[in-house]
$ cat final.pdb   # PDB, C-alpha atoms, pLDDT in the B column
ATOM      1  CA  MET A 252      -1.780 -36.349 -18.717  1.00 30.00           C
ATOM      2  CA  ARG A 253      -3.399 -32.931 -18.384  1.00 38.00           C
ATOM      3  CA  ASP A 254      -1.336 -30.189 -16.735  1.00 46.00           C
ATOM      4  CA  PRO A 255      -2.752 -29.086 -13.398  1.00 42.00           C
ATOM      5  CA  PRO A 256      -4.407 -25.675 -13.385  1.00 54.00           C
ATOM      6  CA  VAL A 257      -2.108 -22.800 -12.559  1.00 70.00           C
ATOM      7  CA  THR A 258      -2.639 -20.245  -9.889  1.00 90.00           C
ATOM      8  CA  THR A 259      -1.446 -17.148  -8.122  1.00 96.00           C
ATOM      9  CA  VAL A 260      -0.297 -17.572  -4.539  1.00 97.00           C
ATOM     10  CA  TRP A 261      -0.280 -14.175  -2.823  1.00 97.00           C
ATOM     11  CA  LEU A 262       1.807 -14.091   0.356  1.00 98.00           C
ATOM     12  CA  THR A 263       0.775 -11.064   2.406  1.00 97.00           C
ATOM     13  CA  GLY A 264       2.220  -9.978   5.729  1.00 96.00           C
ATOM     14  CA  LEU A 265       4.489  -7.476   7.409  1.00 96.00           C
ATOM     15  CA  SER A 266       8.032  -6.686   6.334  1.00 94.00           C
ATOM     16  CA  GLY A 267      10.287  -9.401   7.738  1.00 94.00           C
ATOM     17  CA  ALA A 268       7.476 -11.955   8.088  1.00 95.00           C
ATOM     18  CA  GLY A 269       9.178 -14.411   5.723  1.00 95.00           C
ATOM     19  CA  LYS A 270       7.083 -13.901   2.580  1.00 96.00           C
ATOM     20  CA  THR A 271       9.948 -13.752   0.077  1.00 95.00           C
ATOM     21  CA  THR A 272      11.940 -16.486   1.792  1.00 96.00           C
ATOM     22  CA  VAL A 273       8.976 -18.868   1.629  1.00 97.00           C
ATOM     23  CA  ALA A 274       8.146 -17.852  -1.967  1.00 98.00           C
ATOM     24  CA  GLU A 275      11.718 -18.400  -3.193  1.00 97.00           C
ATOM     25  CA  ALA A 276      11.985 -21.819  -1.510  1.00 98.00           C
ATOM     26  CA  LEU A 277       8.546 -22.843  -2.828  1.00 98.00           C
ATOM     27  CA  ALA A 278       9.534 -21.696  -6.326  1.00 98.00           C
ATOM     28  CA  GLU A 279      12.608 -23.910  -6.196  1.00 98.00           C
ATOM     29  CA  ARG A 280      10.495 -26.885  -5.139  1.00 97.00           C
ATOM     30  CA  LEU A 281       7.877 -26.293  -7.840  1.00 96.00           C
ATOM     31  CA  ARG A 282      10.564 -25.934 -10.518  1.00 97.00           C
ATOM     32  CA  SER A 283      12.060 -29.262  -9.417  1.00 97.00           C
ATOM     33  CA  GLU A 284       8.585 -30.739 -10.058  1.00 95.00           C
ATOM     34  CA  GLY A 285       8.655 -29.343 -13.598  1.00 94.00           C
ATOM     35  CA  ARG A 286       6.323 -26.385 -13.005  1.00 94.00           C
ATOM     36  CA  SER A 287       6.796 -22.970 -14.584  1.00 95.00           C
ATOM     37  CA  VAL A 288       7.051 -20.481 -11.737  1.00 97.00           C
ATOM     38  CA  GLU A 289       7.704 -16.782 -11.323  1.00 97.00           C
ATOM     39  CA  VAL A 290       8.287 -14.955  -8.042  1.00 97.00           C
ATOM     40  CA  LEU A 291       6.896 -11.427  -8.276  1.00 96.00           C
ATOM     41  CA  ASP A 292       8.804  -9.753  -5.465  1.00 91.00           C
ATOM     42  CA  GLY A 293       7.208  -6.538  -4.252  1.00 84.00           C
ATOM     43  CA  ASP A 294      10.484  -4.638  -3.852  1.00 82.00           C
ATOM     44  CA  GLU A 295      11.696  -5.498  -7.357  1.00 88.00           C
ATOM     45  CA  LEU A 296       8.348  -4.682  -8.939  1.00 90.00           C
ATOM     46  CA  ARG A 297       8.011  -1.404  -7.062  1.00 86.00           C
ATOM     47  CA  THR A 298      11.302  -0.326  -8.646  1.00 86.00           C
ATOM     48  CA  ASN A 299      10.416  -1.461 -12.156  1.00 86.00           C
ATOM     49  CA  LEU A 300       6.627  -1.663 -12.541  1.00 86.00           C
ATOM     50  CA  SER A 301       5.586   1.032 -10.093  1.00 85.00           C
ATOM     51  CA  ALA A 302       8.458   3.496 -10.276  1.00 83.00           C
ATOM     52  CA  GLY A 303       7.200   6.911  -9.284  1.00 85.00           C
ATOM     53  CA  LEU A 304       4.580   5.660  -6.866  1.00 90.00           C
ATOM     54  CA  GLY A 305       4.915   6.681  -3.254  1.00 86.00           C
ATOM     55  CA  PHE A 306       3.587   5.053  -0.113  1.00 87.00           C
ATOM     56  CA  SER A 307       0.204   6.732   0.253  1.00 89.00           C
ATOM     57  CA  ARG A 308      -2.773   4.413   0.562  1.00 91.00           C
ATOM     58  CA  GLU A 309      -3.713   5.154  -3.054  1.00 94.00           C
ATOM     59  CA  ASP A 310      -0.194   4.498  -4.357  1.00 93.00           C
ATOM     60  CA  ARG A 311       0.191   1.285  -2.353  1.00 93.00           C
ATOM     61  CA  SER A 312      -3.161   0.037  -3.639  1.00 94.00           C
ATOM     62  CA  THR A 313      -2.248   0.949  -7.220  1.00 94.00           C
ATOM     63  CA  HIS A 314       0.993  -1.012  -6.859  1.00 94.00           C
ATOM     64  CA  VAL A 315      -0.880  -4.056  -5.505  1.00 95.00           C
ATOM     65  CA  ARG A 316      -3.399  -3.948  -8.362  1.00 95.00           C
ATOM     66  CA  ARG A 317      -0.600  -3.698 -10.936  1.00 95.00           C
ATOM     67  CA  VAL A 318       1.221  -6.657  -9.451  1.00 96.00           C
ATOM     68  CA  GLY A 319      -2.071  -8.560  -9.283  1.00 96.00           C
ATOM     69  CA  PHE A 320      -2.664  -7.915 -12.983  1.00 95.00           C
ATOM     70  CA  VAL A 321       0.782  -9.257 -13.898  1.00 96.00           C
ATOM     71  CA  ALA A 322       0.300 -12.301 -11.633  1.00 96.00           C
ATOM     72  CA  GLU A 323      -3.060 -13.129 -13.194  1.00 95.00           C
ATOM     73  CA  LEU A 324      -1.678 -12.689 -16.702  1.00 94.00           C
ATOM     74  CA  LEU A 325       1.232 -15.031 -16.002  1.00 95.00           C
ATOM     75  CA  SER A 326      -1.040 -17.578 -14.339  1.00 92.00           C
ATOM     76  CA  ARG A 327      -3.445 -17.484 -17.283  1.00 90.00           C
ATOM     77  CA  HIS A 328      -0.487 -18.414 -19.508  1.00 91.00           C
ATOM     78  CA  GLY A 329       0.702 -21.411 -17.511  1.00 91.00           C
ATOM     79  CA  VAL A 330       3.012 -19.863 -14.941  1.00 95.00           C
ATOM     80  CA  VAL A 331       2.474 -20.279 -11.197  1.00 96.00           C
ATOM     81  CA  SER A 332       2.824 -16.771  -9.771  1.00 97.00           C
ATOM     82  CA  LEU A 333       4.186 -16.509  -6.239  1.00 98.00           C
ATOM     83  CA  VAL A 334       3.639 -12.975  -4.967  1.00 97.00           C
ATOM     84  CA  PRO A 335       5.400 -11.972  -1.724  1.00 97.00           C
ATOM     85  CA  VAL A 336       3.951  -8.459  -1.436  1.00 96.00           C
ATOM     86  CA  ILE A 337       2.835  -6.797   1.812  1.00 95.00           C
ATOM     87  CA  ALA A 338      -0.456  -5.570   0.286  1.00 95.00           C
ATOM     88  CA  PRO A 339      -1.584  -3.876   3.513  1.00 95.00           C
ATOM     89  CA  TYR A 340      -5.157  -3.014   2.512  1.00 96.00           C
ATOM     90  CA  ALA A 341      -7.976  -5.540   2.327  1.00 96.00           C
ATOM     91  CA  ASP A 342      -9.803  -3.719  -0.475  1.00 96.00           C
ATOM     92  CA  ALA A 343      -6.792  -3.884  -2.819  1.00 96.00           C
ATOM     93  CA  ARG A 344      -6.331  -7.616  -2.108  1.00 96.00           C
ATOM     94  CA  HIS A 345     -10.061  -8.086  -2.720  1.00 96.00           C
ATOM     95  CA  ASP A 346      -9.709  -6.339  -6.100  1.00 96.00           C
ATOM     96  CA  VAL A 347      -6.840  -8.660  -7.056  1.00 96.00           C
ATOM     97  CA  ARG A 348      -8.907 -11.725  -6.141  1.00 95.00           C
ATOM     98  CA  ALA A 349     -11.888 -10.348  -8.124  1.00 95.00           C
ATOM     99  CA  HIS A 350      -9.649  -9.800 -11.164  1.00 94.00           C
ATOM    100  CA  HIS A 351      -8.519 -13.431 -10.966  1.00 93.00           C
ATOM    101  CA  ASP A 352     -12.132 -14.607 -10.583  1.00 92.00           C
ATOM    102  CA  LYS A 353     -13.173 -12.552 -13.610  1.00 92.00           C
ATOM    103  CA  HIS A 354     -10.612 -14.420 -15.711  1.00 89.00           C
ATOM    104  CA  ASP A 355     -11.269 -17.856 -14.118  1.00 87.00           C
ATOM    105  CA  THR A 356      -7.760 -17.926 -12.704  1.00 88.00           C
ATOM    106  CA  SER A 357      -7.127 -19.459  -9.309  1.00 92.00           C
ATOM    107  CA  TYR A 358      -6.000 -17.152  -6.516  1.00 95.00           C
ATOM    108  CA  LEU A 359      -4.791 -18.281  -3.104  1.00 96.00           C
ATOM    109  CA  GLU A 360      -4.104 -15.882  -0.269  1.00 97.00           C
ATOM    110  CA  VAL A 361      -1.517 -16.868   2.329  1.00 98.00           C
ATOM    111  CA  HIS A 362      -1.298 -14.615   5.356  1.00 98.00           C
ATOM    112  CA  VAL A 363       2.263 -14.889   6.614  1.00 97.00           C
ATOM    113  CA  ALA A 364       1.109 -13.947  10.094  1.00 96.00           C
ATOM    114  CA  THR A 365       4.445 -13.587  11.834  1.00 95.00           C
ATOM    115  CA  PRO A 366       3.947 -11.221  14.795  1.00 96.00           C
ATOM    116  CA  LEU A 367       5.241  -7.658  14.593  1.00 95.00           C
ATOM    117  CA  ALA A 368       7.710  -8.236  17.452  1.00 95.00           C
ATOM    118  CA  GLU A 369       9.326 -11.119  15.557  1.00 95.00           C
ATOM    119  CA  CYS A 370       9.436  -9.132  12.312  1.00 94.00           C
ATOM    120  CA  ALA A 371      11.093  -6.255  14.178  1.00 95.00           C
ATOM    121  CA  ARG A 372      13.579  -8.672  15.790  1.00 94.00           C
ATOM    122  CA  ARG A 373      14.557  -9.994  12.362  1.00 92.00           C
ATOM    123  CA  ASP A 374      14.586  -6.481  10.798  1.00 88.00           C
ATOM    124  CA  VAL A 375      16.163  -7.818   7.611  1.00 86.00           C
ATOM    125  CA  LYS A 376      16.006  -4.442   5.847  1.00 91.00           C
ATOM    126  CA  GLY A 377      16.615  -2.231   8.894  1.00 93.00           C
ATOM    127  CA  LEU A 378      13.185  -0.632   8.519  1.00 94.00           C
ATOM    128  CA  TYR A 379      11.997  -1.180  12.078  1.00 95.00           C
ATOM    129  CA  ALA A 380      15.178   0.365  13.494  1.00 94.00           C
ATOM    130  CA  LYS A 381      14.689   3.393  11.222  1.00 94.00           C
ATOM    131  CA  ALA A 382      11.046   3.692  12.310  1.00 93.00           C
ATOM    132  CA  GLU A 383      12.036   3.474  15.978  1.00 93.00           C
ATOM    133  CA  SER A 384      14.659   6.198  15.546  1.00 94.00           C
ATOM    134  CA  GLY A 385      12.175   8.440  13.720  1.00 93.00           C
ATOM    135  CA  GLU A 386      14.165   8.273  10.498  1.00 95.00           C
ATOM    136  CA  LEU A 387      11.275   6.477   8.734  1.00 92.00           C
ATOM    137  CA  THR A 388       7.538   7.075   8.936  1.00 91.00           C
ATOM    138  CA  GLY A 389       4.669   5.202   7.344  1.00 90.00           C
ATOM    139  CA  LEU A 390       5.997   1.714   8.072  1.00 92.00           C
ATOM    140  CA  THR A 391       3.242  -0.855   7.643  1.00 94.00           C
ATOM    141  CA  GLY A 392       2.261  -2.330  10.991  1.00 92.00           C
ATOM    142  CA  VAL A 393       4.051   0.376  12.975  1.00 94.00           C
ATOM    143  CA  ASP A 394       2.573   3.763  12.093  1.00 91.00           C
ATOM    144  CA  ASP A 395       0.688   2.767   8.957  1.00 93.00           C
ATOM    145  CA  PRO A 396      -2.094   0.171   9.039  1.00 94.00           C
ATOM    146  CA  TYR A 397      -1.928  -3.463   8.032  1.00 96.00           C
ATOM    147  CA  GLU A 398      -5.364  -4.972   7.526  1.00 97.00           C
ATOM    148  CA  ALA A 399      -4.807  -8.666   8.156  1.00 96.00           C
ATOM    149  CA  PRO A 400      -6.882 -11.002   6.003  1.00 97.00           C
ATOM    150  CA  GLU A 401      -9.972 -12.206   7.834  1.00 95.00           C
ATOM    151  CA  GLU A 402     -10.271 -15.459   5.895  1.00 95.00           C
ATOM    152  CA  PRO A 403      -7.048 -16.287   4.072  1.00 97.00           C
ATOM    153  CA  ASP A 404      -6.714 -19.634   2.359  1.00 96.00           C
ATOM    154  CA  LEU A 405      -3.826 -20.300   4.750  1.00 97.00           C
ATOM    155  CA  ARG A 406      -2.525 -18.498   7.829  1.00 96.00           C
ATOM    156  CA  LEU A 407       1.174 -19.159   8.391  1.00 95.00           C
ATOM    157  CA  ASP A 408       3.220 -17.937  11.362  1.00 92.00           C
ATOM    158  CA  THR A 409       6.877 -18.507  10.542  1.00 91.00           C
ATOM    159  CA  THR A 410       7.980 -17.988  14.159  1.00 91.00           C
ATOM    160  CA  GLY A 411       7.765 -21.556  15.417  1.00 87.00           C
ATOM    161  CA  ILE A 412       8.460 -23.504  12.225  1.00 93.00           C
ATOM    162  CA  ASP A 413      11.425 -23.986   9.933  1.00 94.00           C
ATOM    163  CA  LEU A 414      11.463 -22.955   6.291  1.00 96.00           C
ATOM    164  CA  SER A 415      10.898 -26.480   5.010  1.00 96.00           C
ATOM    165  CA  THR A 416       7.735 -26.845   7.089  1.00 97.00           C
ATOM    166  CA  ALA A 417       6.433 -23.456   5.983  1.00 97.00           C
ATOM    167  CA  VAL A 418       7.006 -24.418   2.332  1.00 97.00           C
ATOM    168  CA  ASP A 419       5.278 -27.766   2.947  1.00 97.00           C
ATOM    169  CA  HIS A 420       2.161 -25.981   4.240  1.00 96.00           C
ATOM    170  CA  VAL A 421       1.911 -23.701   1.197  1.00 97.00           C
ATOM    171  CA  HIS A 422       2.752 -26.554  -1.191  1.00 96.00           C
ATOM    172  CA  GLN A 423      -0.024 -28.688   0.346  1.00 95.00           C
ATOM    173  CA  LEU A 424      -2.509 -25.850  -0.135  1.00 94.00           C
ATOM    174  CA  LEU A 425      -1.432 -25.366  -3.741  1.00 92.00           C
ATOM    175  CA  THR A 426      -1.500 -29.104  -4.476  1.00 88.00           C
ATOM    176  CA  ALA A 427      -4.940 -29.557  -2.903  1.00 85.00           C
ATOM    177  CA  THR A 428      -6.313 -26.616  -4.867  1.00 74.00           C
ATOM    178  CA  THR A 429      -4.860 -27.676  -8.226  1.00 62.00           C
ATOM    179  CA  THR A 430      -6.021 -31.271  -7.674  1.00 56.00           C
ATOM    180  CA  GLU A 431      -9.561 -30.050  -6.966  1.00 60.00           C
ATOM    181  CA  GLU A 432      -9.560 -27.818 -10.048  1.00 57.00           C
ATOM    182  CA  ALA A 433      -8.157 -30.557 -12.280  1.00 52.00           C
ATOM    183  CA  ALA A 434     -10.953 -32.884 -11.162  1.00 53.00           C
ATOM    184  CA  SER A 435     -13.704 -30.373 -11.959  1.00 53.00           C
TER     185      SER A 435
END
$ encode --input "final.pdb" --output "structure tokens"
Amino acid sequence: MRDPPVTTVWLTGLSGAGKTTVAEALAERLRSEGRSVEVLDGDELRTNLSAGLGFSREDRSTHVRRVGFVAELLSRHGVVSLVPVIAPYADARHDVRAHHDKHDTSYLEVHVATPLAECARRDVKGLYAKAESGELTGLTGVDDPYEAPEEPDLRLDTTGIDLSTAVDHVHQLLTATTTEEAAS
């Protein structure tokens, strides 16, 4: 039996939307199915791959392109790359998709479209509270832009669904895509 094609699944959305939670749970499910998977968490990679970059538009876009390169490289070598990275700018996400296309590697974009109010309510990292108090500026979605994808492969609002359902939606997208690619 031929292995299904591998892919990058980019989960974009605001801080607190549920990107990493969904990616980690999906990774566990894919590993239980015998797939090689890597979660490329934006916070971890910013510390290690993009140390020294700030939060200007240029630096954020550079970080996204770097992560996209690593994701494509892993995918090309048989690893499903799950990428929970905010990636606030459409042009940087477009560049990542183009890089994948150039190398005939599948790229799926999942917009974790949890509303700002819900992300702020969750405030897992305390960022929204810091932004509200004036201690933090440049928070994506608050005083720095987030350009939501116009046509993601999947739009997922984690507000009204449980984690298992959210993972099911992304898994179905991934399975449908890899089945299509295996058939072609």
$ resolve_selection --input "final.pdb" --expression "the PyMOL selection byres ((chain A and resi 279-294) around 8)" --output "PyMOL selection string"
chain A and resi 271+274-278+295-298+318+322+329-337
$ closest_residue --input "final.pdb" --among "A:Ser307, A:Thr428, A:Thr416, A:Thr259" --to "Val347 of chain A" --atoms "only C-alpha atoms"
A:Thr259
$ residues_around --input "final.pdb" --residues "Gly319 of chain A" --least-positions-apart "3" --cutoff "9 Å" --atoms "only C-alpha atoms" --output "list in words"
Thr259, Trp261, His314, Val315, Arg316, Ala322, Glu323, Leu324, Val334, Arg344, Asp346, Val347, Arg348, His350 and His351 of chain A
$ atom_distance --input "final.pdb" --atom1 "atom CA of Gly377 of chain A" --atom2 "atom CA of Val260 of chain A"
26.5 Å
$ resolve_selection --input "final.pdb" --expression "the PyMOL selection byres ((chain A and resi 384-398) around 8)" --output "list in words"
Leu265, Ser266, Phe306, Pro339, Tyr340, Ala341, Leu367, Leu378, Tyr379, Ala380, Lys381, Ala382, Glu383, Ala399 and Pro400 of chain A
$ atom_distance --input "final.pdb" --atom1 "atom CA of Val361 of chain A" --atom2 "atom CA of Val421 of chain A"
7.7 Å
$ residues_around --input "final.pdb" --residues "Ala364 of chain A" --least-positions-apart "4" --cutoff "10 Å" --atoms "only C-alpha atoms" --output "number ranges by chain"
A: 262-265, 268-270, 370, 399-400, 405-410
$ atom_distance --input "final.pdb" --atom1 "atom CA of Val273 of chain A" --atom2 "atom CA of Arg373 of chain A"
15.0 Å
$ residues_around --input "final.pdb" --residues "Arg327 of chain A" --least-positions-apart "4" --cutoff "8 Å" --atoms "all atoms listed in the file" --output "NGL selection string"
:A and (257-258 or 323 or 354 or 356)
$ closest_atom_pairs --input "final.pdb" --of "segment 277-305 of chain A" --to "segment 309-312 of chain A" --cutoff "9 Å" --atoms "all atoms listed in the file" --output "tab-separated table"
residue	atom	partner	partner_atom	distance
A:Ser301	CA	A:Asp310	CA	8.9
A:Leu304	CA	A:Asp310	CA	5.5
A:Gly305	CA	A:Asp310	CA	5.7
$ closest_residue --input "final.pdb" --among "A:Val321, A:Asp404, A:Gly411, A:Thr313" --to "Gln423 of chain A" --atoms "only C-alpha atoms"
A:Asp404
$ closest_residue --input "final.pdb" --among "A:Ser415, A:Gly267, A:Ala338, A:Phe320" --to "Ala368 of chain A" --atoms "only C-alpha atoms"
A:Gly267
$ axis_aligned_box --input "final.pdb" --around "segment 386-391 of chain A" --padding-each-side "5 Å" --output "lines of an AutoDock Vina configuration file"
center_x = 8.7
center_y = 3.7
center_z = 8.9
size_x = 20.9
size_y = 19.1
size_z = 13.2
